[in-house]
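Dropping query.cif in here (mmCIF, C-alpha atoms):
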data_model
loop_
_atom_site.label_atom_id
_atom_site.label_comp_id
_atom_site.auth_asym_id
_atom_site.auth_seq_id
_atom_site.Cartn_x
_atom_site.Cartn_y
_atom_site.Cartn_z
CA MET A 1 -15.96 -0.86 29.93
CA LYS A 2 -13.88 -0.44 33.05
CA LEU A 3 -10.88 -2.25 31.55
CA VAL A 4 -10.48 0.28 28.74
CA THR A 5 -10.80 3.21 31.13
CA ASP A 6 -8.37 1.74 33.62
CA LEU A 7 -5.72 0.98 30.99
CA LYS A 8 -6.15 4.39 29.41
CA GLN A 9 -5.62 6.08 32.78
CA LYS A 10 -2.58 3.91 33.43
CA ILE A 11 -1.02 5.12 30.17
CA LEU A 12 -1.93 8.77 30.70
CA ALA A 13 -0.26 8.53 34.11
CA GLY A 14 2.97 7.42 32.43
CA GLY A 15 2.64 3.66 32.72
CA GLU A 16 2.88 0.83 30.21
CA ILE A 17 0.41 -1.94 29.59
CA SER A 18 1.48 -5.59 29.64
CA ARG A 19 1.07 -8.30 27.04
CA SER A 20 -1.85 -9.82 28.93
CA GLU A 21 -3.56 -6.44 29.20
CA ALA A 22 -3.10 -5.86 25.47
CA LEU A 23 -4.59 -9.28 24.73
CA ALA A 24 -7.60 -8.41 26.88
CA LEU A 25 -8.31 -5.47 24.56
CA LEU A 26 -9.07 -7.94 21.76
CA GLU A 27 -12.46 -8.58 23.40
CA VAL A 28 -13.64 -5.07 24.30
CA PRO A 29 -16.21 -3.09 22.25
CA LEU A 30 -14.50 -1.56 19.22
CA GLU A 31 -16.01 1.91 19.47
CA GLU A 32 -14.96 2.32 23.08
CA LEU A 33 -11.46 1.03 22.33
CA THR A 34 -10.85 3.31 19.36
CA ALA A 35 -12.18 6.38 21.16
CA ALA A 36 -9.81 5.74 24.07
CA ALA A 37 -6.88 5.18 21.70
CA ASP A 38 -7.61 8.48 19.96
CA GLU A 39 -7.69 10.21 23.35
CA ILE A 40 -4.29 8.70 24.19
CA ARG A 41 -2.95 9.88 20.83
CA LYS A 42 -4.14 13.44 21.42
CA ASN A 43 -2.71 13.49 24.94
CA GLN A 44 0.66 12.00 24.05
CA CYS A 45 1.23 13.33 20.51
CA GLY A 46 -1.15 16.23 19.98
CA ASN A 47 -2.51 16.78 16.48
CA ALA A 48 0.83 16.46 14.67
CA PHE A 49 0.69 14.10 11.70
CA ASP A 50 3.89 12.69 10.20
CA LEU A 51 3.58 12.33 6.42
CA CYS A 52 6.21 10.58 4.30
CA THR A 53 6.71 9.23 0.80
CA ILE A 54 8.92 6.48 -0.56
CA VAL A 55 10.88 5.98 -3.76
CA ASN A 56 11.87 2.61 -5.20
CA GLY A 57 15.57 3.37 -5.47
CA LYS A 58 16.56 -0.09 -6.70
CA CYS A 59 13.96 -2.46 -8.09
CA GLY A 60 13.46 -6.19 -8.51
CA LYS A 61 15.51 -9.39 -8.56
CA CYS A 62 15.59 -9.47 -4.76
CA SER A 63 17.61 -12.33 -3.31
CA GLU A 64 15.23 -12.74 -0.35
CA ASP A 65 12.20 -15.06 -0.25
CA CYS A 66 9.75 -12.88 1.72
CA LYS A 67 6.43 -14.49 0.83
CA TYR A 68 4.49 -11.22 0.45
CA CYS A 69 6.86 -9.47 -1.96
CA ALA A 70 6.35 -8.85 -5.66
CA GLN A 71 10.07 -8.11 -6.12
CA SER A 72 11.37 -11.44 -4.80
CA SER A 73 13.27 -13.47 -7.40
CA TYR A 74 11.64 -16.58 -5.93
CA TYR A 75 8.19 -15.78 -7.34
CA SER A 76 6.68 -14.99 -10.72
CA THR A 77 4.58 -11.82 -10.43
CA ALA A 78 3.46 -8.98 -12.66
CA CYS A 79 6.33 -6.88 -11.29
CA GLU A 80 8.88 -7.59 -14.02
CA GLU A 81 10.66 -4.23 -13.88
CA THR A 82 14.24 -4.33 -12.64
CA TYR A 83 16.89 -1.63 -12.43
CA PRO A 84 20.02 -0.83 -10.41
CA LEU A 85 20.32 2.19 -8.11
CA LEU A 86 18.63 5.20 -9.61
CA PRO A 87 20.96 8.08 -10.48
CA ALA A 88 21.12 10.99 -8.04
CA GLU A 89 19.35 13.43 -10.35
CA ILE A 90 16.20 11.29 -10.45
CA ILE A 91 16.06 10.73 -6.68
CA VAL A 92 16.83 14.38 -5.91
CA ALA A 93 14.19 15.64 -8.35
CA GLU A 94 11.58 13.43 -6.71
CA ALA A 95 12.63 14.62 -3.26
CA LYS A 96 12.20 18.24 -4.34
CA ARG A 97 8.80 17.50 -5.83
CA ASN A 98 7.64 15.88 -2.60
CA ALA A 99 9.01 18.65 -0.40
CA GLU A 100 7.15 21.24 -2.47
CA ARG A 101 3.91 19.31 -1.89
CA GLY A 102 4.19 19.40 1.90
CA VAL A 103 5.77 16.01 2.56
CA LEU A 104 7.98 15.84 5.67
CA ARG A 105 10.06 12.74 5.01
CA TYR A 106 11.41 11.04 1.92
CA SER A 107 12.48 7.41 2.19
CA ILE A 108 14.77 5.74 -0.32
CA VAL A 109 14.01 1.99 -0.42
CA THR A 110 16.15 -0.57 -2.24
CA SER A 111 15.59 -4.24 -3.03
CA GLY A 112 18.01 -6.94 -1.93
CA LYS A 113 19.44 -8.15 1.35
CA ARG A 114 21.77 -5.17 1.70
CA LEU A 115 23.53 -2.53 -0.36
CA SER A 116 27.22 -2.99 -1.12
CA ASP A 117 29.81 -0.47 0.05
CA PRO A 118 30.09 1.13 -3.42
CA GLU A 119 26.30 1.44 -3.53
CA ILE A 120 26.32 3.06 -0.08
CA ASN A 121 28.93 5.54 -1.29
CA GLN A 122 26.65 6.41 -4.21
CA MET A 123 23.68 6.84 -1.87
CA CYS A 124 25.70 9.08 0.45
CA GLU A 125 26.36 11.43 -2.47
CA THR A 126 22.66 11.36 -3.36
CA ILE A 127 21.62 12.14 0.22
CA ARG A 128 24.06 15.06 0.38
CA ALA A 129 22.49 16.44 -2.79
CA ILE A 130 18.98 16.09 -1.36
CA LYS A 131 19.95 17.91 1.84
CA LYS A 132 21.66 20.64 -0.16
CA GLU A 133 18.60 21.33 -2.30
CA THR A 134 15.68 20.62 0.08
CA SER A 135 14.69 20.72 3.74
CA ILE A 136 13.02 17.30 3.64
CA GLU A 137 14.08 14.62 6.14
CA VAL A 138 15.80 11.66 4.48
CA CYS A 139 15.11 8.08 5.57
CA VAL A 140 16.87 5.00 4.21
CA SER A 141 15.79 1.38 3.81
CA PHE A 142 18.94 -0.30 2.49
CA GLY A 143 18.74 -3.71 4.14
CA LEU A 144 20.86 -5.38 6.78
CA LEU A 145 23.73 -2.89 7.16
CA ASN A 146 26.26 -2.55 9.97
CA GLU A 147 26.98 0.32 12.32
CA GLU A 148 29.89 1.74 10.29
CA GLN A 149 27.74 1.87 7.17
CA PHE A 150 24.94 3.58 9.07
CA ARG A 151 27.39 6.14 10.43
CA ARG A 152 28.38 7.07 6.89
CA LEU A 153 24.74 7.52 5.92
CA GLN A 154 24.06 9.58 9.04
CA LYS A 155 27.03 11.83 8.30
CA ALA A 156 25.71 12.31 4.75
CA GLY A 157 22.41 13.62 6.13
CA ALA A 158 20.09 10.66 6.68
CA SER A 159 18.08 10.92 9.90
CA ARG A 160 16.15 7.66 10.08
CA VAL A 161 16.54 3.98 9.16
CA HIS A 162 13.66 1.73 8.17
CA CYS A 163 13.80 -2.04 8.64
CA ASN A 164 10.52 -3.83 9.20
CA LEU A 165 10.33 -6.72 11.64
CA GLU A 166 7.31 -7.91 9.60
CA SER A 167 5.79 -10.13 12.31
CA SER A 168 6.51 -11.66 15.70
CA PRO A 169 9.70 -13.58 16.52
CA ARG A 170 7.59 -16.76 16.54
CA TYR A 171 5.98 -16.28 13.13
CA PHE A 172 8.76 -14.61 11.13
CA PRO A 173 10.35 -17.91 9.97
CA GLU A 174 7.05 -18.65 8.20
CA VAL A 175 7.39 -15.38 6.27
CA CYS A 176 11.06 -15.46 5.26
CA THR A 177 13.89 -18.01 5.42
CA THR A 178 16.78 -16.16 3.73
CA HIS A 179 17.52 -13.92 6.71
CA THR A 180 16.62 -14.02 10.38
CA TYR A 181 14.70 -12.00 12.91
CA GLU A 182 17.91 -11.62 14.90
CA GLU A 183 19.61 -10.02 11.88
CA LYS A 184 16.81 -7.48 11.67
CA ILE A 185 17.06 -6.67 15.37
CA GLU A 186 20.83 -6.20 15.14
CA THR A 187 20.35 -3.91 12.13
CA LEU A 188 17.99 -1.69 14.11
CA LYS A 189 20.32 -1.64 17.11
CA ALA A 190 23.27 -0.74 14.87
CA ALA A 191 21.28 2.14 13.37
CA LYS A 192 20.49 3.47 16.84
CA ARG A 193 24.13 3.26 17.86
CA ALA A 194 24.96 5.29 14.76
CA GLY A 195 22.69 8.10 15.95
CA LEU A 196 19.72 7.40 13.68
CA SER A 197 16.09 7.05 14.70
CA ILE A 198 14.45 3.77 13.73
CA CYS A 199 11.27 2.99 11.86
CA SER A 200 10.08 -0.61 12.11
CA GLY A 201 6.74 -2.34 11.99
CA GLY A 202 5.14 -5.13 10.04
CA ILE A 203 2.38 -6.51 7.88
CA LEU A 204 -1.02 -7.64 9.13
CA GLY A 205 -2.65 -10.49 7.25
CA LEU A 206 0.25 -12.87 6.64
CA GLY A 207 -1.50 -15.69 8.48
CA GLU A 208 -0.25 -14.63 11.90
CA THR A 209 -2.35 -14.74 15.07
CA PRO A 210 -3.57 -11.72 17.07
CA GLU A 211 -0.94 -12.65 19.64
CA ASP A 212 1.75 -12.40 16.96
CA ARG A 213 0.62 -8.88 16.11
CA ILE A 214 0.88 -7.80 19.72
CA ASP A 215 4.27 -9.48 20.13
CA LEU A 216 5.53 -7.62 17.05
CA VAL A 217 4.74 -4.29 18.69
CA LEU A 218 6.12 -5.36 22.06
CA THR A 219 9.42 -6.14 20.30
CA ALA A 220 9.34 -2.74 18.60
CA ARG A 221 8.66 -1.11 21.98
CA GLU A 222 11.65 -2.87 23.54
CA LEU A 223 13.86 -1.61 20.71
CA GLY A 224 12.76 2.00 21.18
CA VAL A 225 11.05 2.30 17.82
CA THR A 226 9.67 5.82 17.28
CA SER A 227 7.84 5.12 14.01
CA LEU A 228 5.74 1.98 13.55
CA PRO A 229 4.60 1.32 9.95
CA VAL A 230 1.46 -0.80 9.84
CA ASN A 231 1.01 -2.50 6.46
CA LEU A 232 -2.18 -4.31 5.53
CA LEU A 233 -1.34 -7.21 3.24
CA ASN A 234 -2.23 -6.54 -0.38
CA PRO A 235 -2.19 -10.11 -1.73
CA ILE A 236 0.01 -10.15 -4.82
CA PRO A 237 -0.76 -12.78 -7.48
CA GLY A 238 2.20 -15.09 -7.88
CA THR A 239 3.33 -14.86 -4.25
CA PRO A 240 2.56 -17.53 -1.63
CA TYR A 241 0.12 -15.14 0.04
CA GLU A 242 -1.91 -14.37 -3.08
CA HIS A 243 -5.03 -16.01 -1.62
CA ASN A 244 -4.82 -14.49 1.86
CA GLN A 245 -7.89 -12.55 2.94
CA PRO A 246 -7.19 -8.82 3.48
CA LEU A 247 -8.08 -7.33 6.86
CA THR A 248 -11.41 -5.60 7.24
CA LYS A 249 -11.56 -1.95 8.24
CA GLU A 250 -12.81 -2.98 11.69
CA GLU A 251 -9.90 -5.35 12.21
CA ALA A 252 -7.44 -2.68 11.13
CA CYS A 253 -8.94 -0.13 13.53
CA ARG A 254 -8.87 -2.56 16.45
CA PHE A 255 -5.20 -3.36 16.05
CA ILE A 256 -4.21 0.26 15.38
CA ALA A 257 -5.97 1.14 18.66
CA ILE A 258 -4.24 -1.65 20.60
CA PHE A 259 -0.89 -0.56 19.16
CA ARG A 260 -1.55 2.99 20.43
CA PHE A 261 -2.12 1.57 23.92
CA LEU A 262 1.20 -0.30 23.62
CA ILE A 263 3.33 2.56 22.23
CA PRO A 264 1.48 5.75 23.19
CA ARG A 265 4.13 8.26 22.05
CA ALA A 266 5.18 6.70 18.74
CA SER A 267 4.15 7.64 15.21
CA ILE A 268 1.83 4.82 14.16
CA ARG A 269 2.06 4.95 10.39
CA LEU A 270 -0.46 3.50 7.95
CA ALA A 271 1.63 2.17 5.09
CA GLY A 272 1.04 -0.37 2.32
CA GLY A 273 -2.48 -1.64 1.77
CA ARG A 274 -4.21 1.52 3.01
CA GLY A 275 -5.87 1.86 -0.38
CA LEU A 276 -7.73 -1.40 0.27
CA LEU A 277 -9.77 0.40 2.96
CA ASN A 278 -12.90 2.03 1.59
CA ASP A 279 -12.29 5.21 3.61
CA GLN A 280 -8.56 5.51 2.69
CA GLY A 281 -7.61 5.11 6.35
CA ARG A 282 -9.86 7.78 7.84
CA SER A 283 -11.22 5.46 10.55
CA CYS A 284 -7.70 4.36 11.48
CA PHE A 285 -6.67 8.01 11.82
CA GLN A 286 -9.48 8.29 14.37
CA SER A 287 -8.34 5.13 16.17
CA GLY A 288 -4.79 6.07 17.17
CA ALA A 289 -2.83 6.28 13.90
CA ASN A 290 -1.04 9.61 13.40
CA ALA A 291 1.27 9.05 10.44
CA ALA A 292 1.11 7.65 6.91
CA ILE A 293 3.01 6.90 3.76
CA SER A 294 1.45 8.99 1.01
CA GLY A 295 1.68 8.54 -2.75
CA ASP A 296 2.52 5.26 -4.46
CA MET A 297 4.08 2.28 -2.72
CA LEU A 298 7.01 0.30 -4.13
CA THR A 299 5.05 -1.80 -6.62
CA THR A 300 1.41 -0.82 -5.99
CA ALA A 301 -0.59 2.38 -6.32
CA GLY A 302 -1.22 4.49 -3.24
CA ILE A 303 -3.23 7.58 -2.29
CA SER A 304 -2.21 10.96 -3.65
CA ILE A 305 -0.51 13.55 -1.46
CA GLU A 306 -3.21 16.10 -2.27
CA THR A 307 -5.97 13.67 -1.24
CA ASP A 308 -4.18 12.99 2.03
CA HIS A 309 -3.72 16.68 2.83
CA ALA A 310 -7.46 17.27 2.37
CA LEU A 311 -8.35 14.21 4.46
CA LEU A 312 -6.03 15.16 7.32
CA ALA A 313 -7.13 18.80 7.37
CA GLY A 314 -10.72 17.62 7.71
CA LEU A 315 -9.75 15.54 10.73
CA GLY A 316 -8.01 18.46 12.44
CA TYR A 317 -4.45 17.21 11.99
CA ARG A 318 -1.41 19.39 11.31
CA VAL A 319 1.19 17.87 9.03
CA GLN A 320 4.38 18.40 11.01
CA LEU A 321 7.19 16.44 12.58
CA PRO A 322 6.68 15.27 16.17
CA GLU A 323 7.68 17.82 18.79
CA SER A 324 10.20 15.35 20.22
CA GLU A 325 12.33 15.70 17.10
CA THR A 326 14.84 18.48 16.66
CA MET A 327 13.31 19.59 13.39
CA SER A 328 9.78 19.84 14.77
CA SER A 329 9.45 23.52 13.97
CA ARG A 330 9.39 22.71 10.27
CA SER A 331 5.81 22.10 9.23
CA SER A 332 3.76 22.27 6.08
CA GLY A 333 1.13 24.93 5.61
CA PHE A 334 -1.96 23.66 3.90
#
Could you take the file, read its structure, and then write that structure out as structure tokens?
Amino acid sequence: MKLVTDLKQKILAGGEISRSEALALLEVPLEELTAAADEIRKNQCGNAFDLCTIVNGKCGKCSEDCKYCAQSSYYSTACEETYPLLPAEIIVAEAKRNAERGVLRYSIVTSGKRLSDPEINQMCETIRAIKKETSIEVCVSFGLLNEEQFRRLQKAGASRVHCNLESSPRYFPEVCTTHTYEEKIETLKAAKRAGLSICSGGILGLGETPEDRIDLVLTARELGVTSLPVNLLNPIPGTPYEHNQPLTKEEACRFIAIFRFLIPRASIRLAGGRGLLNDQGRSCFQSGANAAISGDMLTTAGISIETDHALLAGLGYRVQLPESETMSSRSSGF
């Protein structure tokens, strides 16, 4: 189809596609769209694949009412485990184990609206210990922090902040009412001002429209997001979304491909819900995605690091940080 070819050439020439052009891609043949997205990915990013893991650094009793979350105190789910911040020795040991298995990034994720200053001090000491004992990149997902707090984390050795937008500005109030979209945007801007890269995406399957999905990524593009996690809703019994229908593999591939057209140089990262796909994300990795969270998620099982290494090697990827990052020379050998 001429539209796909024309938009692909526009991107390869250094241009950006508009919202209306992205919406037009909803109607084009899937195979042609995904092939073009994969070509854009190869041209803009090469065969580098950014692999990360996450650790649930503080679990349960979350004060926020995000309707998808098993850890929210608003809902009764099978996730009954709760604990405060994990001690440094546990988090550091897990970081070392992941680094030894060829993982590039290690993200510490905590429940709640934000960490307190004493908790941030504790995490700074933990991050310093990780950087002393490993070469892994450290990412943090500590909630709605301010610039001064992010500067402390950056000085301790963190390199990236994660804060998902979750959906479009229009639809977000349907997902969560205990904090705002504007608070999330200010958090990401504060992290950038503190010298940290930002990782922010959302969840597909919350009841949003295709337009909402595109608007989510347009917002991320405006913010200068370099890593876009794409979660596929895993409906959790006990949450308001427990009866939502998960995306099909074809739907996932189409939106991954459109996202690649929208943000051609970013790491598009398959995250939660990848295990719901019968090919463990293989088709998405051929449709523009070039990053993933490996191992278990926060409250659900994931795909093992070893399985992912074998899958990615078979697709011709090299697990390494993007060349645009200062640490790009560090890569795993598998």
Point out the residue among A:Phe150, A:Phe255, A:Phe49, A:Phe285 with the least atom-to-atom distance to Val217 in chain A, counting all atoms listed in the file. A:Phe255
Calculated over only C-alpha atoms, which of the candidates A:Gly205, A:Gly295, A:Gly102, A:Gly316 has the smallest distance to Thr134 in chain A?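 Looking only at the distances to Thr134 in chain A, the closest residue turns out to be A:Gly102.
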Extract, using only C-alpha atoms, all DNA, RNA and protein residues at most 9 Å from Leu232 in chain A, discarding same-chain residues fewer than 2 positions from it, and format them as a PyMOL selection string. chain A and resi 202-206+230+234+246-247+252+270-274+276
Using Å and a single decimal, report how far CA of Thr307 in chain A sits from CA of Val103 in chain A. 12.6 Å
Which residues would end up in the selection if the PyMOL selection byres ((chain A and resi 138) around 9) were applied here, given that I need the answer as a list of chain:residue names?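 Checked against the file, the PyMOL selection byres ((chain A and resi 138) around 9) matches A:Ala95, A:Leu104, A:Arg105, A:Tyr106, A:Ser107, A:Ile108, A:Ile127, A:Ile130, A:Lys131, A:Ile136, A:Glu137, A:Cys139, A:Val140, A:Gly157, A:Ala158, A:Ser159, A:Arg160.
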Store the residues picked out above in a file with C-alpha atoms, as a compact mmCIF listing (two decimals), in the frame of the given file.
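Final file, again30.txt:
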# COMPACT_ATOMS: atom_id res chain seq x y z
CA ALA A 95 12.63 14.62 -3.26
CA LEU A 104 7.98 15.84 5.67
CA ARG A 105 10.06 12.74 5.01
CA TYR A 106 11.41 11.04 1.92
CA SER A 107 12.48 7.41 2.19
CA ILE A 108 14.77 5.74 -0.32
CA ILE A 127 21.62 12.14 0.22
CA ILE A 130 18.98 16.09 -1.36
CA LYS A 131 19.95 17.91 1.84
CA ILE A 136 13.02 17.30 3.64
CA GLU A 137 14.08 14.62 6.14
CA CYS A 139 15.11 8.08 5.57
CA VAL A 140 16.87 5.00 4.21
CA GLY A 157 22.41 13.62 6.13
CA ALA A 158 20.09 10.66 6.68
CA SER A 159 18.08 10.92 9.90
CA ARG A 160 16.15 7.66 10.08
Write out, as JSON lines, each residue of range 244-289 of chain A that has an atom at most 8 Å from range 16-30 of chain A, together with the closest pair of atoms and their distance in Å to one decimal, counting only C-alpha atoms, rows going by chain and rising number.
{"residue": "A:Glu250", "atom": "CA", "partner": "A:Leu30", "partner_atom": "CA", "distance": 7.8}
{"residue": "A:Arg254", "atom": "CA", "partner": "A:Leu30", "partner_atom": "CA", "distance": 6.4}
{"residue": "A:Ile258", "atom": "CA", "partner": "A:Ala22", "partner_atom": "CA", "distance": 6.5}
{"residue": "A:Phe261", "atom": "CA", "partner": "A:Ile17", "partner_atom": "CA", "distance": 7.1}
{"residue": "A:Leu262", "atom": "CA", "partner": "A:Ile17", "partner_atom": "CA", "distance": 6.2}
For the provided coordinates, the residues matched by the PyMOL selection byres ((chain A and resi 185) around 10) should be stated as a list in words. Leu144, Cys163, Asn164, Leu165, Thr180, Tyr181, Glu182, Glu183, Lys184, Glu186, Thr187, Leu188, Lys189, Ala190, Ala191, Ser200, Thr219, Ala220 and Leu223 of chain A
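The result of the PyMOL selection byres ((chain A and resi 264) around 9) on the shown file is Ile11, Leu12, Glu16, Ala37, Ile40, Arg41, Asn43, Gln44, Cys45, Phe259, Arg260, Phe261, Leu262, Ile263, Arg265, Ala266, Ser267 and Gly288 of chain A.
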For a test of reading the model, state the distance in Å between CA of Cys66 in chain A and CA of Pro118 in chain A, rounded to one decimal. 25.2 Å
